[in-house]
Structures are given as structure tokens and as C-alpha cells.
>>> print(open('target.cif').read())   # mmCIF, C-alpha atoms
data_protein
#
loop_
_atom_site.label_atom_id
_atom_site.label_comp_id
_atom_site.auth_asym_id
_atom_site.auth_seq_id
_atom_site.Cartn_x
_atom_site.Cartn_y
_atom_site.Cartn_z
CA MET J 1 51.08 -144.24 -80.68
CA LYS J 2 49.11 -144.90 -77.52
CA LEU J 3 51.49 -142.70 -75.57
CA ARG J 4 51.00 -139.90 -78.08
CA ILE J 5 47.26 -140.20 -77.83
CA LYS J 6 47.50 -140.07 -74.06
CA ARG J 7 49.64 -136.94 -74.26
CA ILE J 8 47.17 -135.27 -76.63
CA ALA J 9 44.26 -136.21 -74.39
CA GLY J 10 46.10 -134.88 -71.38
CA MET J 11 46.79 -131.61 -73.13
CA ILE J 12 43.17 -131.33 -74.14
CA SER J 13 42.07 -131.96 -70.56
CA LEU J 14 44.56 -129.40 -69.29
CA VAL J 15 43.36 -126.84 -71.81
CA ALA J 16 39.76 -127.60 -70.84
CA LEU J 17 40.63 -127.30 -67.17
CA LEU J 18 42.45 -124.04 -67.68
CA THR J 19 39.67 -122.76 -69.90
CA GLY J 20 37.09 -123.74 -67.26
CA ALA J 21 39.13 -122.09 -64.57
CA ALA J 22 39.48 -118.94 -66.59
CA ALA J 23 35.90 -118.95 -67.92
CA PRO J 24 34.48 -116.69 -65.20
CA PHE J 25 37.04 -114.09 -66.17
CA LEU J 26 36.56 -114.54 -69.92
CA TRP J 27 32.76 -114.14 -69.64
CA VAL J 28 32.91 -110.86 -67.71
CA LYS J 29 33.78 -107.50 -69.13
CA GLY J 30 35.74 -105.26 -66.85
CA ASP J 31 32.93 -102.68 -66.48
CA SER J 32 29.93 -105.03 -66.12
CA VAL J 33 28.24 -107.05 -63.42
CA ILE J 34 29.27 -110.72 -63.33
CA PRO J 35 26.72 -113.33 -64.50
CA GLY J 36 24.34 -114.70 -61.84
CA VAL J 37 24.03 -111.51 -59.81
CA ARG J 38 20.54 -110.30 -58.96
CA ILE J 39 19.93 -106.78 -57.66
CA ASN J 40 16.81 -106.52 -55.49
CA GLY J 41 15.45 -109.57 -57.31
CA VAL J 42 16.28 -108.39 -60.82
CA ALA J 43 18.83 -110.33 -62.94
CA ALA J 44 21.67 -107.85 -63.55
CA GLY J 45 24.44 -110.10 -64.94
CA GLY J 46 26.18 -108.35 -67.81
CA PHE J 47 24.83 -104.87 -66.93
CA SER J 48 27.29 -102.09 -67.60
CA LYS J 49 27.58 -99.16 -65.24
CA ALA J 50 25.46 -97.06 -67.60
CA GLN J 51 22.80 -99.78 -67.76
CA MET J 52 22.87 -100.01 -63.97
CA ILE J 53 22.21 -96.26 -63.70
CA ASP J 54 19.29 -96.58 -66.14
CA PHE J 55 17.99 -99.46 -64.02
CA LEU J 56 18.15 -97.32 -60.86
CA GLN J 57 16.32 -94.48 -62.54
CA GLU J 58 13.49 -96.82 -63.52
CA GLU J 59 13.40 -98.22 -59.98
CA ASN J 60 13.25 -94.70 -58.51
CA LYS J 61 10.43 -93.74 -60.84
CA ALA J 62 8.43 -96.80 -59.81
CA MET J 63 9.26 -96.17 -56.14
CA GLU J 64 7.45 -92.81 -56.22
CA LYS J 65 4.17 -94.75 -56.33
CA GLU J 66 4.98 -96.87 -53.28
CA ASN J 67 3.37 -96.25 -49.88
CA LEU J 68 4.15 -97.13 -46.29
CA ASN J 69 0.96 -97.98 -44.38
CA LEU J 70 1.25 -97.45 -40.63
CA VAL J 71 -1.49 -99.42 -38.87
CA LYS J 72 -2.79 -100.16 -35.40
CA ASP J 73 -6.18 -101.88 -35.20
CA SER J 74 -8.58 -99.43 -36.94
CA VAL J 75 -5.87 -96.79 -37.46
CA LYS J 76 -4.26 -96.56 -40.88
CA GLU J 77 -1.93 -93.73 -41.86
CA THR J 78 -0.41 -93.72 -45.36
CA TRP J 79 2.95 -92.12 -46.15
CA ASN J 80 3.89 -91.78 -49.82
CA TYR J 81 7.48 -92.59 -50.75
CA LYS J 82 7.68 -89.62 -53.11
CA ASP J 83 6.86 -87.25 -50.23
CA LEU J 84 9.58 -88.89 -48.14
CA HIS J 85 12.13 -88.59 -51.00
CA VAL J 86 12.89 -92.31 -50.97
CA SER J 87 15.34 -93.27 -53.73
CA TYR J 88 18.35 -95.38 -54.69
CA ASP J 89 21.66 -93.55 -54.94
CA GLU J 90 24.11 -94.36 -57.74
CA ARG J 91 26.82 -94.92 -55.15
CA SER J 92 24.87 -97.95 -53.90
CA LEU J 93 25.75 -99.77 -57.14
CA ASP J 94 29.32 -100.28 -56.01
CA GLU J 95 28.35 -103.38 -53.99
CA ALA J 96 26.93 -105.10 -57.07
CA MET J 97 29.87 -104.14 -59.25
CA ALA J 98 32.34 -105.41 -56.61
CA ILE J 99 30.96 -108.97 -56.49
CA GLY J 100 33.58 -111.39 -57.88
CA ARG J 101 36.23 -108.67 -57.95
CA GLN J 102 37.46 -108.73 -54.37
CA GLY J 103 40.11 -110.85 -52.65
CA SER J 104 42.68 -113.21 -54.20
CA PHE J 105 42.47 -114.70 -57.67
CA PHE J 106 41.18 -117.95 -56.17
CA GLN J 107 38.54 -116.08 -54.12
CA GLN J 108 37.35 -114.18 -57.18
CA TRP J 109 37.22 -117.40 -59.17
CA LYS J 110 35.28 -119.09 -56.44
CA ASP J 111 32.82 -116.18 -56.07
CA ARG J 112 32.23 -115.97 -59.81
CA TRP J 113 31.51 -119.68 -60.18
CA ALA J 114 29.21 -119.58 -57.12
CA ALA J 115 27.29 -116.64 -58.61
CA LEU J 116 27.02 -118.41 -61.95
CA LEU J 117 25.86 -121.73 -60.51
CA SER J 118 23.76 -120.64 -57.52
CA GLY J 119 23.13 -116.96 -58.05
CA LYS J 120 24.22 -114.05 -55.87
CA ALA J 121 21.85 -111.50 -54.41
CA ALA J 122 23.04 -107.91 -54.12
CA HIS J 123 20.82 -105.74 -51.96
CA ILE J 124 20.78 -101.99 -52.43
CA ASP J 125 19.47 -99.87 -49.58
CA ALA J 126 17.29 -96.89 -50.46
CA SER J 127 17.89 -93.52 -48.86
CA PHE J 128 15.25 -91.03 -47.62
CA ASP J 129 14.90 -87.56 -46.13
CA GLU J 130 15.16 -88.23 -42.39
CA GLU J 131 14.00 -84.71 -41.47
CA VAL J 132 10.76 -85.15 -43.44
CA VAL J 133 10.20 -88.58 -41.90
CA ARG J 134 10.77 -87.27 -38.37
CA LYS J 135 8.34 -84.41 -38.93
CA LYS J 136 5.70 -86.90 -40.06
CA ALA J 137 6.46 -89.05 -37.02
CA HIS J 138 6.04 -86.05 -34.72
CA GLN J 139 2.70 -85.19 -36.34
CA LEU J 140 1.52 -88.79 -35.99
CA ILE J 141 2.48 -88.82 -32.31
CA LYS J 142 0.81 -85.44 -31.73
CA THR J 143 -2.44 -86.52 -33.45
CA TYR J 144 -2.86 -89.74 -31.49
CA SER J 145 -1.56 -88.49 -28.14
CA LYS J 146 -4.87 -86.64 -27.69
CA PRO J 147 -7.76 -88.22 -25.76
CA PRO J 148 -9.79 -90.70 -27.83
CA GLN J 149 -12.47 -89.14 -30.03
CA ASN J 150 -15.65 -90.72 -31.30
CA ALA J 151 -16.44 -90.62 -35.00
CA MET J 152 -17.89 -87.37 -36.36
CA PRO J 153 -21.26 -87.29 -38.15
CA ARG J 154 -21.87 -86.26 -41.73
CA PHE J 155 -25.33 -84.83 -42.46
CA HIS J 156 -26.74 -85.61 -45.91
CA SER J 157 -29.38 -83.78 -47.92
CA ASP J 158 -31.82 -86.71 -47.69
CA GLY J 159 -31.77 -86.43 -43.89
CA SER J 160 -29.56 -89.48 -43.37
CA ILE J 161 -26.38 -89.52 -41.29
CA THR J 162 -23.11 -91.36 -41.73
CA PHE J 163 -19.98 -91.26 -39.60
CA SER J 164 -16.30 -90.81 -40.21
CA LYS J 165 -13.80 -92.99 -38.35
CA GLY J 166 -13.14 -92.29 -34.69
CA ARG J 167 -9.67 -91.69 -33.28
CA PRO J 168 -8.10 -93.70 -30.45
CA HIS J 169 -5.46 -92.46 -28.02
CA LEU J 170 -2.08 -94.03 -28.78
CA ALA J 171 1.09 -93.62 -26.72
CA ILE J 172 3.66 -94.03 -29.52
CA GLN J 173 7.37 -94.74 -28.95
CA GLU J 174 9.16 -92.29 -31.24
CA GLU J 175 12.51 -94.08 -31.59
CA ASP J 176 10.86 -97.47 -32.13
CA LEU J 177 8.66 -95.83 -34.76
CA MET J 178 11.63 -94.20 -36.49
CA GLN J 179 13.65 -97.43 -36.53
CA GLY J 180 10.76 -99.43 -37.94
CA VAL J 181 10.10 -96.83 -40.63
CA LYS J 182 13.81 -96.68 -41.51
CA ASP J 183 13.97 -100.45 -41.96
CA MET J 184 10.93 -100.38 -44.23
CA LEU J 185 12.03 -97.44 -46.36
CA GLU J 186 15.51 -98.83 -46.95
CA THR J 187 14.00 -101.83 -48.73
CA GLY J 188 12.63 -99.49 -51.38
CA ARG J 189 9.39 -101.44 -51.36
CA GLY J 190 6.07 -100.33 -49.95
CA GLY J 191 4.32 -102.28 -47.26
CA GLU J 192 2.61 -102.28 -43.91
CA MET J 193 4.06 -101.65 -40.47
CA GLU J 194 2.37 -101.81 -37.07
CA ILE J 195 2.67 -98.61 -35.05
CA PRO J 196 4.65 -99.31 -31.85
CA VAL J 197 2.56 -98.24 -28.86
CA THR J 198 2.75 -98.67 -25.08
CA GLU J 199 -0.88 -97.66 -24.45
CA GLU J 200 -4.09 -97.63 -26.47
CA VAL J 201 -7.46 -96.19 -25.44
CA LYS J 202 -10.23 -96.69 -27.97
CA PRO J 203 -13.28 -94.44 -28.47
CA ASN J 204 -16.33 -95.64 -26.55
CA MET J 205 -18.39 -95.94 -29.74
CA SER J 206 -17.72 -98.93 -31.99
CA ASP J 207 -18.15 -98.94 -35.78
CA LYS J 208 -21.27 -101.07 -35.36
CA GLU J 209 -22.78 -98.61 -32.88
CA ALA J 210 -22.00 -95.74 -35.25
CA GLU J 211 -23.88 -97.53 -38.04
CA GLU J 212 -27.00 -97.67 -35.85
CA ILE J 213 -27.07 -93.88 -35.51
CA ASN J 214 -28.83 -92.78 -38.66
CA THR J 215 -31.16 -89.86 -37.91
CA VAL J 216 -31.64 -86.62 -35.97
CA LEU J 217 -33.77 -87.19 -32.88
CA ALA J 218 -33.76 -83.50 -31.97
CA ARG J 219 -32.00 -80.20 -32.55
CA TYR J 220 -32.05 -76.93 -30.63
CA SER J 221 -30.24 -73.60 -31.13
CA THR J 222 -29.77 -70.45 -29.10
CA SER J 223 -28.24 -67.08 -29.92
CA PHE J 224 -25.86 -64.76 -28.10
CA GLY J 225 -23.65 -61.76 -28.67
CA GLY J 226 -21.34 -59.29 -27.01
CA ASP J 227 -18.61 -60.46 -24.66
CA ALA J 228 -15.72 -62.16 -26.49
CA ASN J 229 -14.65 -64.21 -23.47
CA ARG J 230 -18.17 -65.50 -23.01
CA SER J 231 -18.27 -66.52 -26.69
CA SER J 232 -14.96 -68.32 -26.24
CA ASN J 233 -16.31 -70.25 -23.25
CA ILE J 234 -19.43 -71.24 -25.19
CA SER J 235 -17.27 -72.50 -28.04
CA LEU J 236 -15.07 -74.52 -25.67
CA ALA J 237 -17.99 -76.06 -23.77
CA ALA J 238 -19.67 -76.99 -27.07
CA GLU J 239 -16.46 -78.67 -28.21
CA LYS J 240 -16.27 -80.63 -24.94
CA ILE J 241 -19.76 -82.12 -25.19
CA SER J 242 -19.69 -82.72 -28.93
CA GLY J 243 -18.95 -86.31 -29.86
CA THR J 244 -20.31 -87.81 -26.65
CA TYR J 245 -21.83 -91.25 -27.18
CA LEU J 246 -24.22 -92.80 -24.65
CA LYS J 247 -25.07 -96.48 -24.77
CA PRO J 248 -28.60 -97.50 -23.75
CA GLY J 249 -28.88 -96.98 -20.00
CA ALA J 250 -25.81 -94.71 -19.80
CA ASP J 251 -25.80 -91.40 -17.90
CA PHE J 252 -24.46 -88.00 -18.97
CA SER J 253 -22.97 -85.42 -16.61
CA TYR J 254 -22.40 -81.94 -18.00
CA ASN J 255 -19.81 -81.01 -15.36
CA ARG J 256 -17.86 -84.21 -15.84
CA THR J 257 -17.89 -83.81 -19.63
CA THR J 258 -16.90 -80.15 -19.81
CA GLY J 259 -14.29 -80.36 -17.05
CA SER J 260 -13.17 -77.78 -14.52
CA ARG J 261 -13.99 -74.23 -15.61
CA SER J 262 -10.44 -73.04 -15.03
CA ALA J 263 -7.94 -71.00 -17.00
CA ALA J 264 -5.74 -74.09 -17.18
CA ASN J 265 -8.52 -75.82 -19.13
CA GLY J 266 -8.96 -72.87 -21.48
CA TYR J 267 -11.96 -71.17 -19.85
CA LYS J 268 -11.94 -67.37 -19.57
CA GLU J 269 -13.44 -64.85 -17.19
CA ALA J 270 -16.88 -63.66 -18.30
CA PRO J 271 -20.12 -62.46 -16.64
CA VAL J 272 -22.01 -65.02 -14.53
CA ILE J 273 -25.15 -64.65 -12.42
CA ILE J 274 -24.42 -64.65 -8.68
CA ASN J 275 -27.39 -64.01 -6.40
CA GLY J 276 -29.33 -62.49 -9.25
CA LYS J 277 -26.55 -60.16 -10.39
CA LEU J 278 -24.09 -60.38 -13.24
CA GLU J 279 -20.57 -60.56 -11.89
CA PRO J 280 -17.22 -61.59 -13.41
CA GLY J 281 -16.47 -65.29 -13.04
CA SER J 282 -14.48 -68.08 -14.71
CA GLY J 283 -16.41 -69.94 -17.41
CA GLY J 284 -19.24 -67.46 -17.91
CA GLY J 285 -21.36 -68.70 -20.82
CA VAL J 286 -21.25 -72.43 -20.13
CA CYS J 287 -24.82 -72.28 -18.83
CA GLN J 288 -26.04 -71.28 -22.27
CA VAL J 289 -24.58 -74.50 -23.63
CA SER J 290 -26.13 -76.59 -20.82
CA SER J 291 -29.50 -74.89 -21.40
CA THR J 292 -29.31 -75.48 -25.16
CA LEU J 293 -28.46 -79.11 -24.49
CA PHE J 294 -31.36 -79.37 -22.00
CA ASN J 295 -33.84 -78.31 -24.68
CA ALA J 296 -32.42 -80.74 -27.24
CA VAL J 297 -32.67 -83.52 -24.64
CA LEU J 298 -36.32 -82.61 -23.94
CA LEU J 299 -37.18 -82.74 -27.64
CA ALA J 300 -35.40 -86.08 -28.09
CA GLY J 301 -37.49 -87.62 -25.33
CA LEU J 302 -34.57 -88.46 -23.07
CA GLU J 303 -34.86 -88.75 -19.29
CA VAL J 304 -33.47 -85.76 -17.37
CA THR J 305 -32.09 -86.87 -13.99
CA GLN J 306 -30.71 -83.59 -12.65
CA ARG J 307 -31.60 -80.03 -13.60
CA THR J 308 -31.73 -76.66 -11.82
CA CYS J 309 -33.03 -73.33 -13.11
CA HIS J 310 -31.09 -70.09 -12.85
CA PHE J 311 -31.60 -67.64 -9.99
CA SER J 312 -33.33 -65.34 -12.49
CA PRO J 313 -34.86 -65.91 -15.95
CA VAL J 314 -32.44 -65.80 -18.90
CA SER J 315 -32.97 -64.39 -22.35
CA TYR J 316 -31.83 -67.18 -24.64
CA VAL J 317 -34.47 -69.87 -23.85
CA PRO J 318 -38.19 -69.74 -22.96
CA LEU J 319 -39.11 -69.32 -19.32
CA GLY J 320 -38.68 -72.56 -17.40
CA ARG J 321 -36.44 -74.19 -20.00
CA ASP J 322 -33.00 -73.20 -18.74
CA ALA J 323 -30.47 -75.41 -16.95
CA THR J 324 -27.79 -73.75 -14.85
CA VAL J 325 -24.58 -75.42 -13.73
CA ALA J 326 -21.95 -74.63 -11.11
CA GLU J 327 -18.75 -76.60 -10.77
CA GLY J 328 -18.89 -79.01 -7.86
CA VAL J 329 -22.36 -77.78 -6.80
CA ILE J 330 -24.98 -77.91 -9.56
CA ASP J 331 -24.92 -80.31 -12.51
CA PHE J 332 -27.11 -81.05 -15.50
CA CYS J 333 -27.55 -84.78 -16.07
CA PHE J 334 -29.68 -87.05 -18.25
CA ARG J 335 -29.97 -90.75 -19.04
CA ASN J 336 -30.36 -92.55 -22.34
CA HIS J 337 -33.39 -94.76 -21.72
CA LEU J 338 -33.89 -95.50 -25.42
CA LYS J 339 -33.36 -98.81 -27.24
CA HIS J 340 -30.23 -97.67 -29.07
CA GLY J 341 -27.26 -95.42 -28.38
CA VAL J 342 -27.45 -91.65 -28.78
CA TYR J 343 -24.78 -89.21 -29.91
CA VAL J 344 -24.48 -85.58 -28.83
CA TYR J 345 -23.21 -83.22 -31.52
CA ALA J 346 -22.70 -79.51 -30.84
CA GLU J 347 -21.70 -76.80 -33.28
CA TYR J 348 -20.53 -73.29 -32.42
CA ALA J 349 -20.85 -70.38 -34.81
CA PRO J 350 -20.30 -66.69 -34.07
CA GLY J 351 -23.48 -65.64 -32.28
CA SER J 352 -25.12 -69.08 -32.02
CA ILE J 353 -24.80 -72.53 -30.52
CA SER J 354 -26.66 -75.61 -31.83
CA VAL J 355 -26.97 -79.04 -30.24
CA TRP J 356 -28.16 -82.19 -32.01
CA ILE J 357 -29.20 -85.44 -30.39
CA LEU J 358 -28.59 -88.17 -32.96
CA GLY J 359 -29.87 -91.72 -32.75
CA ASN J 360 -31.66 -94.58 -34.44
CA LYS J 361 -34.83 -94.07 -36.51
CA GLU J 362 -36.64 -96.48 -34.22
CA ASP J 363 -36.08 -94.07 -31.30
CA LYS J 364 -37.22 -90.91 -33.10
CA PRO J 365 -40.32 -89.54 -31.31
CA SER J 366 -43.53 -89.43 -33.34
CA TYR J 367 -44.88 -86.69 -31.05
CA VAL J 368 -43.21 -84.22 -28.67
CA ASP J 369 -44.78 -81.41 -26.68
CA ILE J 370 -42.89 -79.11 -24.32
CA SER J 371 -45.31 -76.66 -22.71
CA LYS J 372 -45.84 -74.57 -19.60
CA THR J 373 -48.49 -75.92 -17.27
CA LYS J 374 -48.12 -73.19 -14.64
CA GLU J 375 -46.67 -69.70 -14.41
CA GLU J 376 -47.08 -67.73 -11.22
CA GLN J 377 -45.83 -64.27 -10.35
CA LYS J 378 -44.14 -64.12 -6.94
CA THR J 379 -44.12 -60.77 -5.17
CA GLU J 380 -42.65 -59.59 -1.90
CA GLU J 381 -41.98 -56.12 -0.58
CA GLY J 382 -39.38 -54.73 -2.94
CA HIS J 383 -39.00 -58.13 -4.69
CA GLU J 384 -40.46 -60.16 -7.52
CA GLY J 385 -39.90 -63.58 -9.01
CA LYS J 386 -41.60 -66.37 -10.96
CA ASN J 387 -42.56 -69.99 -10.46
CA VAL J 388 -42.95 -71.98 -13.69
CA THR J 389 -43.66 -75.65 -14.44
CA VAL J 390 -42.84 -77.12 -17.85
CA LYS J 391 -44.23 -80.47 -18.99
CA GLN J 392 -42.43 -82.85 -21.34
CA SER J 393 -44.72 -85.23 -23.27
CA VAL J 394 -43.22 -87.70 -25.74
CA LYS J 395 -44.67 -90.55 -27.80
CA TRP J 396 -43.07 -93.11 -30.11
CA ALA J 397 -44.53 -95.02 -33.04
CA ASP J 398 -44.24 -98.34 -31.20
CA GLY J 399 -46.55 -97.13 -28.42
CA ARG J 400 -44.00 -95.97 -25.88
CA VAL J 401 -44.83 -92.78 -23.97
CA TYR J 402 -42.83 -90.63 -21.58
CA HIS J 403 -43.81 -87.65 -19.41
CA ASP J 404 -41.89 -85.43 -17.02
CA LEU J 405 -42.36 -82.12 -15.18
CA PHE J 406 -39.73 -79.46 -14.59
CA GLU J 407 -40.36 -76.81 -11.98
CA SER J 408 -38.45 -73.55 -12.05
CA ASP J 409 -38.48 -71.25 -9.04
CA TYR J 410 -36.87 -67.96 -9.95
CA GLU J 411 -36.02 -66.06 -6.80
CA ALA J 412 -36.89 -62.42 -6.28
CA VAL J 413 -33.97 -60.01 -6.60
CA ASP J 414 -32.88 -57.26 -4.22
CA THR J 415 -34.47 -54.53 -6.27
CA VAL J 416 -37.62 -54.61 -8.36
CA ILE J 417 -36.51 -54.59 -12.01
CA THR J 418 -38.78 -54.21 -15.01
CA TYR J 419 -37.49 -55.88 -18.17
CA LYS J 420 -38.97 -54.04 -21.13
CA ASN J 421 -37.46 -56.35 -23.74
CA LYS J 422 -36.36 -59.97 -23.84
CA GLU J 423 -32.87 -58.75 -24.73
CA ASP J 424 -32.63 -57.00 -21.36
CA LEU J 425 -32.81 -60.28 -19.42
CA PRO J 426 -29.55 -61.64 -17.91
CA LYS J 427 -27.38 -63.50 -20.38
CA GLU J 428 -26.09 -66.17 -17.99
#
>>> encode(input="target.cif", output="C-alpha cells")
Amino acid sequence: MKLRIKRIAGMISLVALLTGAAAPFLWVKGDSVIPGVRINGVAAGGFSKAQMIDFLQEENKAMEKENLNLVKDSVKETWNYKDLHVSYDERSLDEAMAIGRQGSFFQQWKDRWAALLSGKAAHIDASFDEEVVRKKAHQLIKTYSKPPQNAMPRFHSDGSITFSKGRPHLAIQEEDLMQGVKDMLETGRGGEMEIPVTEEVKPNMSDKEAEEINTVLARYSTSFGGDANRSSNISLAAEKISGTYLKPGADFSYNRTTGSRSAANGYKEAPVIINGKLEPGSGGGVCQVSSTLFNAVLLAGLEVTQRTCHFSPVSYVPLGRDATVAEGVIDFCFRNHLKHGVYVYAEYAPGSISVWILGNKEDKPSYVDISKTKEEQKTEEGHEGKNVTVKQSVKWADGRVYHDLFESDYEAVDTVITYKNKEDLPKE
């Protein structure tokens, strides 16, 4: 009797052992994922192939809302996964379906029990349109390979000013960028990635300094017409000076800011005044920008440190209020002697150039007067010219005052010329 009981118990144990050994195969249908498998963190045990495809479609739909944020200090560029065509492919499901179905019977048994007891993660890589990604990478590199640019002002109807974000110069490694982006996109999850750079040059105006610039200290405009090359040079020079930020005590050089007036730098041949006569020359028109800036600087109450009048009076500013420049010879310079930083903003439009000096409300003059204190006619045999002195008088609400004198000595020309109209005066 005892022997019989032992035999029965042994058979039961054997059946239990065999059943346990076979359980992982009994619990799994031939076309479904084995129990314990998780796909990208989602429990997928028991999913059929059709259910897996439905799962991928839901994942792809959700993925369209994901973003990759490329960052470097203050820089943040956002790429949307939908634009990059990031998605899971149905063929990527094969890895999940193959778990517990590869190798010998013992290996499959072992893998299935391990998945059931401890879980098994199956990762599916997402695919993306590499051509679209590379185009975006090229655009990113192109944008930030330019010299750093200070923030740009926004003028509001109430007279206030706010600023956009500035742009640093970044030397970006394309292949490092592409590899990092690839690794992120393949996860199928949005996130943040630091832009790989070998060099970074930040704008010289910080966010805090930009916040302190909140009003227009002065604005001045001049008009022009005619020569297309001259208009192009005016536009280029205006672009060069626009966005310049000067900390308190900093100096501005027009020649240094606008660069060499060469064809390589984009300047064109246009009429310039040489010894009182208009002659073709590279960069003709830049003096109108320097003269417009000079007048804005006067009205803002800034300290002019270097200024020279033209050989002859010009038509676009009052007598004695022009500022000529010549590369390597004559410069126009001023200093910010105010309590806060100032920002130069220039805007070109067909037929006109405007320059703003922006700053803090505390530095806005309460009184400004720019007037002629002397105008003398100079005559010689067969010649005529003018000698003019302009006075700058500025006051601030806190009691500060500033005065300066600007003498202009316009030389006589080879032949006596009578200008009937202001429009007949030299343009440069």
C-alpha cells in the first residue's frame, strides 16, 4: 500500500514537473508575444501580430507630438518629430515576436521562464527621414556660423521697447550633431540634446542689459534717391551698425563697425566726393549713414570723440551737421558716457535711412538743442566756402548737463558754383 502511494505521488510529481516544464509553451499561442515581454515599457505579453500593429499605430500617432530640443546655453531650437517623419516600422516587431522562440528547446524554455519571472524588455528603434534631418542640421549650422548678433528691439505703441533673443556664434560639428540626433530619434521619445560645438562666441549684450534698454533716446532720418549702387551701400552700412551695443564708457568706431569698403565685403562703386568733386569710388553712400548716425548721437546727448565735415556741404543734413568718413584716414567715433548701455538701431527703406539710439529712461535727455552759433562765408579769387560752428546742449532730469562744439570748415572749390536748390548740393 505504501509502495503504491509512493508510486502515485511520484507520478503526480512527474506530471507536475512535466506540466511546469511545458507551461511556457502551453501559455503562449503561436502568433502572440510570450508573457512578461515589455515593448518600450509597455506590457505586450499575449499581443497578437494584429494587436502589435494597432499598438504601433497608436505609438506613431502619439509620436507626432514629440519634439527634440537642441540647446546650448541660451540657444534652443525645436524640431518636431512629425516634420522629421519619425515612426516605428512594422518590421521592427519581429524582435518582440522572436523572444522565447529562438535556439534549442531548452533555450526557449529558459527564455520563456525568465521573461515570465523577471520580465524581458524588447526595444524597438524608430526610423526617420535622414535627408530632412540633414537639411535641418545644415540650416542650424548655417544660422549659427554667422558672427554673434545682439537682440533686436521691438517698438510698442505705448513707446516702450522690448528685445528678442540675441544669437551667438556656434561652430557646430555636423557629424557629432547627426549622430546625437540619430540616437535621440531612434528612441521614439522626445527630449533635450546639447548642441555639440567647438567654439562659442556670445553677443556682447546680456539679457539683463537688454532689459535695461526701454526707451528711445533719439532718432534721426535722412533721405536719398537716384544711384542704385549708392542705395545698396547705404543699406549695407546701416545693417553693419544696427544692433551695436555700447556699455557705459565704451567707444564706437564707424570704420571698425562697417568694415572695409571693398567689393569682397559687399560694397559697390558709387559717387564719392574727392577734392570737392563727385567721382566714382567704392562704398559711395556710407557717409550718409555716418552723418545720420552723427545727428542721432547729438540728439541722444552722447559724447562725440572724432568727427570731420565733408570737403563741401551735403544736401541730406543741415549745414555743419555732417560727418564724413574715409577708410584708414577719417573715422567717426563717439563714447557712451551715460549711466546705462545704449543700443544703435538702423533701418533702411528705399529712399531713406533712420537711426535710433536706444537706452534707459533715466538717460533720456529732458532738453536738447543743436544750433549754429557761427556761419561765415569764405571767399577767395574764383573760390568760395563756408565755416560753420554747431553747438550741442543737453540736459537731464537729474541735473546733468553736457555741451560740445563742432566746427565745420568747408573748403572752397576750384570753380565758383551757385547752388540754386538744396537738391543740387553734393550727395556724398
>>> resolve_selection(input="target.cif", expression="the PyMOL selection byres ((chain J and resi 319) around 12)", output="PyMOL selection string")
chain J and resi 291+295+309-310+312-318+320-323+370-376+385-390+406-410+422+425
>>> write_last_selection(input="target.cif", atoms="C-alpha atoms", output="JSON list (two decimals), in the frame of the given file")
[["chain", "number", "residue", "atom", "x", "y", "z"],
["J", 291, "SER", "CA", -29.50, -74.89, -21.40],
["J", 295, "ASN", "CA", -33.84, -78.31, -24.68],
["J", 309, "CYS", "CA", -33.03, -73.33, -13.11],
["J", 310, "HIS", "CA", -31.09, -70.09, -12.85],
["J", 312, "SER", "CA", -33.33, -65.34, -12.49],
["J", 313, "PRO", "CA", -34.86, -65.91, -15.95],
["J", 314, "VAL", "CA", -32.44, -65.80, -18.90],
["J", 315, "SER", "CA", -32.97, -64.39, -22.35],
["J", 316, "TYR", "CA", -31.83, -67.18, -24.64],
["J", 317, "VAL", "CA", -34.47, -69.87, -23.85],
["J", 318, "PRO", "CA", -38.19, -69.74, -22.96],
["J", 320, "GLY", "CA", -38.68, -72.56, -17.40],
["J", 321, "ARG", "CA", -36.44, -74.19, -20.00],
["J", 322, "ASP", "CA", -33.00, -73.20, -18.74],
["J", 323, "ALA", "CA", -30.47, -75.41, -16.95],
["J", 370, "ILE", "CA", -42.89, -79.11, -24.32],
["J", 371, "SER", "CA", -45.31, -76.66, -22.71],
["J", 372, "LYS", "CA", -45.84, -74.57, -19.60],
["J", 373, "THR", "CA", -48.49, -75.92, -17.27],
["J", 374, "LYS", "CA", -48.12, -73.19, -14.64],
["J", 375, "GLU", "CA", -46.67, -69.70, -14.41],
["J", 376, "GLU", "CA", -47.08, -67.73, -11.22],
["J", 385, "GLY", "CA", -39.90, -63.58, -9.01],
["J", 386, "LYS", "CA", -41.60, -66.37, -10.96],
["J", 387, "ASN", "CA", -42.56, -69.99, -10.46],
["J", 388, "VAL", "CA", -42.95, -71.98, -13.69],
["J", 389, "THR", "CA", -43.66, -75.65, -14.44],
["J", 390, "VAL", "CA", -42.84, -77.12, -17.85],
["J", 406, "PHE", "CA", -39.73, -79.46, -14.59],
["J", 407, "GLU", "CA", -40.36, -76.81, -11.98],
["J", 408, "SER", "CA", -38.45, -73.55, -12.05],
["J", 409, "ASP", "CA", -38.48, -71.25, -9.04],
["J", 410, "TYR", "CA", -36.87, -67.96, -9.95],
["J", 422, "LYS", "CA", -36.36, -59.97, -23.84],
["J", 425, "LEU", "CA", -32.81, -60.28, -19.42]]
>>> closest_residue(input="target.cif", among="J:Asp363, J:Asp54, J:Glu192, J:Asp94", to="Val71 (chain J)", atoms="all atoms listed in the file")
J:Glu192
>>> atom_distance(input="target.cif", atom1="CA of Ala210 (chain J)", atom2="CA of Lys247 (chain J)")
10.9 Å
>>> closest_atom_pairs(input="target.cif", of="region 195-243 of chain J", to="region 257-272 of chain J", cutoff="6 Å", atoms="all atoms listed in the file", output="CSV")
residue,atom,partner,partner_atom,distance
J:Asn229,CA,J:Ala270,CA,5.7
J:Arg230,CA,J:Ala270,CA,5.2
J:Asn233,CA,J:Tyr267,CA,5.6
J:Ala237,CA,J:Thr258,CA,5.8
J:Lys240,CA,J:Thr258,CA,5.2
>>> closest_residue(input="target.cif", among="J:Phe105, J:Tyr254, J:Tyr245, J:Tyr81", to="Asn67 (chain J)", atoms="all atoms listed in the file")
J:Tyr81
>>> residues_around(input="target.cif", residues="Gly159 (chain J)", least_positions_apart="4", cutoff="10 Å", atoms="all atoms listed in the file", output="list in words")
Phe155, Asn214, Thr215 and Val216 of chain J
>>> closest_residue(input="target.cif", among="J:His403, J:Lys49, J:Lys364, J:Arg189", to="Leu68 (chain J)", atoms="all atoms listed in the file")
J:Arg189
>>> resolve_selection(input="target.cif", expression="the PyMOL selection byres ((chain J and resi 203) around 9)", output="list in words")
Pro147, Pro148, Gln149, Asn150, Ala151, Gly166, Arg167, Pro168, His169, Val201, Lys202, Asn204, Met205 and Ser206 of chain J
>>> closest_residue(input="target.cif", among="J:Lys142, J:Arg134, J:Arg335, J:Arg154", to="Val181 (chain J)", atoms="all atoms listed in the file")
J:Arg134
